[in-house]
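> Here you go, one structure.
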Number of protein chains: 2
Amino acid sequence: MVSIKFKNNKLFYIDQTMLPEKEVWRKCSGLSSGFRAIKDLEIRGAPLIGVFAALCLYTVANDLTFSKGRFLKYLDNAINKLKSSRPTAVNLFWALDRIKGVIDANKNKDVAQIKKAILKEAQAICNEDVKLCHNMGEHGAKLVNKGDKLLTHCNAGSLATAGSGTALAVFYRACAQGKKIKVYADETRPLLQGGRLTMWELQKHKVDCTLICDNMAAFMMQKGEIDKVFLGADRIAANGDAANKIGTYSVAISAKYHKIPFYVVAPFSTFDLTLKTGESIPIEERKPLEVQTVLGKMRIAPNNAKVRNPAFDVTPNKLITAIVTDRGVIYPPFAKNIKKILG
Amino acid sequence: MVSIKFKNNKLFYIDQTMLPEKEVWRKCSGLSSGFRAIKDLEIRGAPLIGVFAALCLYTVANDLTFSKGRFLKYLDNAINKLKSSRPTAVNLFWALDRIKGVIDANKNKDVAQIKKAILKEAQAICNEDVKLCHNMGEHGAKLVNKGDKLLTHCNAGSLATAGSGTALAVFYRACAQGKKIKVYADETRPLLQGGRLTMWELQKHKVDCTLICDNMAAFMMQKGEIDKVFLGADRIAANGDAANKIGTYSVAISAKYHKIPFYVVAPFSTFDLTLKTGESIPIEERKPLEVQTVLGKMRIAPNNAKVRNPAFDVTPNKLITAIVTDRGVIYPPFAKNIKKILG
């Protein structure tokens, strides 16, 4: 299962807003197209946004017929434009900064050579992501026992990465090891990534999965139905505070209350070591319509209902049992151990 | 604002499944009609179900032309049928048992006199509920300070009672006292009573209200946006454990974590002193379609997605700051103080 395809210098992606009803593949046809695809969540998931932005930038570069000065200036603006699509996930900035670094390092070469260097780097980011997912799956699956009942939130799977996922990679690996797990997926309002995307891909992978509303997670924990929580992250500060989809914080508090292990799964590229704590992670506030309606299609509140719509929250490190990365599992004290493994 | 009307021996109610789009009044046209209205949540809210069932039973009785033996037998079955509509809220059983008591006490009288006695009792239950709401509002409003930011879950208002509500009665009273509160309403998946009903009636009452998804409540608490939580209950055990709409338990855990007062507001008729703890409160599990779709109208998960759909959860007494009743505010130790005030 893949969520993007890169063929003959063209970038294609599953429009995730159409799932689970239809698997619609779209072509990313330029800068505005790529920007909009990220902003409108046709493509989402922290690692995937990074990979997609890098490949999108290459397609943009490849189509340019400018002389070098204008070419470089255009790409500089294109990078900034793509970076402005979403503020919270750091992988987007990380991937585009890698491309920027390659452009800078090759700026004395001719345009064709710079294009080639961008392509190489974008493809490397994509291929690396597949490996990161594989490694997170390996490390995380060691934390899963046979018969475990596992909760996840939002979508941290094949649809959120170029590979098998972050949290869901752990589930896929555990299944492959014959561990017969049972997964509960929070539906994840307002945009229902759990109900639409996680359930869709878990069913595709034939994982035993059950959908619950977000407000049922604590009840399931109380009833002994959840042994462990595994979910992704959009940005992790140097002290282990982790930003992830809205509702993660609530799950973390409930897990702590029930003494249930709470694991965040993310590759090294999700860490932002420039931030001491999670307090300075910018939280995207999205448009009211997402809460007033279901996916813009069905109104579920009175007209003009005032709403709040933070798309992410920050879970403080003290609520996190461990962070599963591609380089191994990081336990508290996080500040020290994150530095040791990733610093 | 009223949610039911009883006129010329006919019972009318707002079909709450049609809100907030349309305010549709329906007539309860007999036993099956009343049973279905409760089961399908056209009428809901623990106190209102009790009032409605009592008045429904009177309309059923009033239409009967049987001789006394068959009349009494029919009503006995009718009471059992209405009791089987929903299992969790205790007010339904309480109200019907009151009617049953009146029937038993008058069983030596003629049918016309028994009908009259049922009418009197049903109207008493209805009128008393209005007073209970008023009293809960009075007692609860003392806990509200000027400018408080208050969270509620599901709908515990005019649409859940024959009067001004339980938790929302507190808000209405506080507003009338000029306290300028700000209310956050959890949307309350799967059936969205918060988004559809609470927002609708708070707007009608011109209360400053903001809708959030259930999974945002903890985030709002973290940001200092919630000073206190007020919500209703469907059944409260002798030790103060309180069953209420699914998601209440999650809010209670988050409130405890953030040291935010958590108040349950309910009339004496919501207490079930035959239950020592909340563990034996039966939890209604409703049909999967409610989670797989939004209000049966829009599918949001793959076909055949397995789901869990508990309609209620039980919040243990240790997470409850106080219970606001029509007879005053009950603080811990609950077992002792509930007995003192209600026993």
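If you're wondering about the labels, chains in the structure tokens are A, B, ... by order shown, residues count from 1 in each chain, ligands from 1 in order shown.
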Could you go through region 89-264 of chain B and tell me which residues DSSP, when run on the backbone, assigns to strand (DSSP E or B), listing them as a list in words?

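Filtering region 89-264 of chain B to strand (DSSP E or B) leaves Lys149, Leu150, Leu151, Thr152, Lys182, Val183, Tyr184, Ala185, Asp186, Cys209, Thr210, Leu211, Ile212, Lys228, Val229, Phe230, Leu231, Arg235, Ile236, Ala237, Ala242, Ala243, Asn244, Lys245, Phe262, Tyr263 and Val264 of chain B.
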
> Could you work out which residues of chain B fall inside 9 Å of chain A? Count only C-alpha atoms, and format the result as an NGL selection string.

:B and (19-21 or 184 or 187-190 or 192 or 194-197 or 199-200 or 203 or 208-219 or 246-251 or 253-254 or 257 or 291-292 or 294 or 297-303 or 305-310 or 312-314)

> Quick one: residues within 7 Å of region 115-126 of chain B, only C-alpha atoms counted, chain neighbours fewer than 6 positions away excluded, as a list in words?

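In the requested format, the answer is Val51, Ala54, Leu55, Tyr58, Ala61, Asn62, Ile99, Val102, Ile103 and Ala162 of chain B.
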
> Restricting the calculation to only C-alpha atoms, which member of A:Tyr263, A:Val170, A:Thr59, A:Ser158 is positioned closest to Asn8 (chain A)?

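Using only C-alpha atoms, the shortest distance to Asn8 (chain A) belongs to A:Thr59.
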
> What lies within 10 Å of Val24 (chain A) using only C-alpha atoms, ignoring chain neighbours under 5 positions off, as a PyMOL selection string?

chain A and resi 13-19

> For the atom pair CA of His153 (chain B) and CA of Ser85 (chain B), what is the interatomic distance in Å to one decimal place?

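Taking CA of His153 (chain B) as the start and CA of Ser85 (chain B) as the end point, the length is 22.9 Å.
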
> Using DSSP on the backbone, list every residue of region 17-265 of chain B that comes out as alpha helix (DSSP H), and give them as an NGL selection string.

:B and (31-39 or 46-63 or 68-83 or 91-105 or 111-141 or 167-176 or 193 or 199-204 or 217-222 or 248-257)

> Which residue out of A:Asp63, A:Glu42, A:Glu138, A:Asp227 has the minimum interatomic distance to Ala160 (chain A) when only C-alpha atoms are used?

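Among the listed residues, the smallest separation from Ala160 (chain A) belongs to A:Glu42.
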
> Show which residues sit within 7 Å of Met136 (chain A), as a list in words. Count only C-alpha atoms, and ignore same-chain residues fewer than 3 positions away.

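So the residues in contact are Leu132, Cys133, His139, Gly140, Thr166, Ala169, Val170, Val324, Thr325 and Asp326 of chain A.
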
> Output N, CA and C atoms for every residue in that selection, as a tab-separated table (two decimals), in the first residue's frame.


chain	number	residue	atom	x	y	z
A	132	LEU	N	12.78	4.36	7.56
A	132	LEU	CA	12.47	4.83	8.92
A	132	LEU	C	11.23	4.11	9.45
A	133	CYS	N	10.24	3.98	8.59
A	133	CYS	CA	8.99	3.30	8.99
A	133	CYS	C	9.29	1.86	9.38
A	139	HIS	N	11.39	-1.65	16.12
A	139	HIS	CA	11.60	-1.27	17.53
A	139	HIS	C	10.31	-1.31	18.32
A	140	GLY	N	9.23	-0.79	17.72
A	140	GLY	CA	7.96	-0.71	18.44
A	140	GLY	C	7.34	-2.07	18.70
A	166	THR	N	4.05	5.13	11.15
A	166	THR	CA	4.80	5.27	12.39
A	166	THR	C	4.14	4.32	13.40
A	169	ALA	N	2.93	1.19	11.70
A	169	ALA	CA	4.03	0.29	11.31
A	169	ALA	C	4.30	-0.70	12.44
A	170	VAL	N	4.16	-0.22	13.67
A	170	VAL	CA	4.33	-1.10	14.83
A	170	VAL	C	3.27	-2.20	14.82
A	324	VAL	N	9.09	5.87	20.48
A	324	VAL	CA	9.66	4.87	19.58
A	324	VAL	C	10.16	5.60	18.33
A	325	THR	N	11.46	5.55	18.08
A	325	THR	CA	12.01	6.19	16.89
A	325	THR	C	12.65	5.13	15.99
A	326	ASP	N	13.06	5.58	14.81
A	326	ASP	CA	13.76	4.68	13.89
A	326	ASP	C	15.10	4.24	14.47

> Residues at most 9 Å from region 327-333 of chain A, counting only C-alpha atoms, excluding those fewer than 4 positions away in the same chain, as a list in words?

Leu132, Asn135, Met136, Glu138, His139, Gly140, Asn239, Gly240, Val265, Pro267, Phe268, Asn317, Lys318, Ile320, Thr321, Ala322, Ile323, Asn337, Ile338, Ile341 and Leu342 of chain A

> Do you have the CA of Ala141 (chain B)-CA of Pro47 (chain B) distance handy?

19.7 Å

> Do you know which residues are at most 12 Å from Gln177 (chain A) counting only C-alpha atoms, after dropping those on the same chain fewer than 3 positions away, and could you put them as a compact mmCIF listing (two decimals) with N, CA, C and O atoms, in the first residue's frame?


# COMPACT_ATOMS: atom_id res chain seq x y z
N GLY A 137 8.78 0.24 13.07
CA GLY A 137 7.98 -0.98 13.24
C GLY A 137 8.74 -2.03 14.02
O GLY A 137 8.21 -2.65 14.96
N GLU A 138 10.00 -2.22 13.67
CA GLU A 138 10.84 -3.21 14.36
C GLU A 138 10.99 -2.89 15.85
O GLU A 138 10.77 -3.73 16.71
N ALA A 141 7.48 -2.98 17.74
CA ALA A 141 6.83 -4.29 17.88
C ALA A 141 7.36 -5.05 19.10
O ALA A 141 6.67 -5.91 19.65
N LYS A 142 8.57 -4.70 19.52
CA LYS A 142 9.12 -5.35 20.72
C LYS A 142 8.32 -5.00 21.98
O LYS A 142 8.39 -5.70 22.99
N VAL A 144 5.09 -4.83 22.00
CA VAL A 144 3.74 -5.41 21.85
C VAL A 144 3.77 -6.88 22.22
O VAL A 144 4.63 -7.63 21.76
N ASN A 145 2.83 -7.28 23.07
CA ASN A 145 2.71 -8.70 23.43
C ASN A 145 1.59 -9.36 22.64
O ASN A 145 0.70 -8.68 22.13
N LYS A 146 1.65 -10.66 22.57
CA LYS A 146 0.61 -11.43 21.91
C LYS A 146 -0.74 -11.11 22.55
O LYS A 146 -0.87 -11.07 23.77
N GLY A 147 -1.72 -10.84 21.69
CA GLY A 147 -3.07 -10.60 22.20
C GLY A 147 -3.33 -9.20 22.74
O GLY A 147 -4.41 -8.93 23.25
N VAL A 170 4.16 -0.22 13.67
CA VAL A 170 4.33 -1.10 14.83
C VAL A 170 3.27 -2.20 14.82
O VAL A 170 3.58 -3.39 15.03
N PHE A 171 2.03 -1.81 14.53
CA PHE A 171 0.94 -2.80 14.50
C PHE A 171 1.17 -3.81 13.36
O PHE A 171 0.96 -5.01 13.55
N TYR A 172 1.57 -3.29 12.19
CA TYR A 172 1.77 -4.19 11.05
C TYR A 172 2.88 -5.19 11.34
O TYR A 172 2.79 -6.37 11.03
N ARG A 173 3.94 -4.70 11.97
CA ARG A 173 5.08 -5.58 12.29
C ARG A 173 4.66 -6.63 13.33
O ARG A 173 4.99 -7.81 13.20
N ALA A 174 3.92 -6.17 14.34
CA ALA A 174 3.45 -7.10 15.38
C ALA A 174 2.56 -8.19 14.78
O ALA A 174 2.67 -9.36 15.13
N LYS A 180 -1.28 -11.40 16.85
CA LYS A 180 -2.75 -11.36 16.98
C LYS A 180 -3.25 -10.23 17.88
O LYS A 180 -3.87 -10.47 18.93
N ILE A 181 -2.97 -9.01 17.47
CA ILE A 181 -3.41 -7.86 18.26
C ILE A 181 -4.84 -7.46 17.89
O ILE A 181 -5.37 -7.90 16.86

> What does the distance between CA of Gly163 (chain B) and CA of Asn127 (chain B) come to in Å, to one decimal place?

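Interatomic distance here is 8.4 Å.
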
> Between A:Ala89, A:Ala237, A:Val229, A:Ala105, which one has atoms that come closest to Arg44 (chain A), using only C-alpha atoms?

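Smallest distance to Arg44 (chain A) is found for A:Ala89.
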
> I need the residue nearest Leu64 (chain A) from this list: A:Leu168, A:Trp94, A:Arg86, A:Val111. Use only C-alpha atoms for the distance.

A:Val111

> Pick out the closest residue to Phe271 (chain B) from this set: B:Asn106, B:Asn155, B:Phe93, B:Leu289. Count only C-alpha atoms.

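Selected residue with least distance to Phe271 (chain B): B:Phe93.
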
> Return the single residue from A:Lys287, A:Arg98, A:His205, A:Arg235 that is closest to Leu57 (chain A), with distances computed using only C-alpha atoms.

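So, comparing all the options, the nearest one is A:Arg98.
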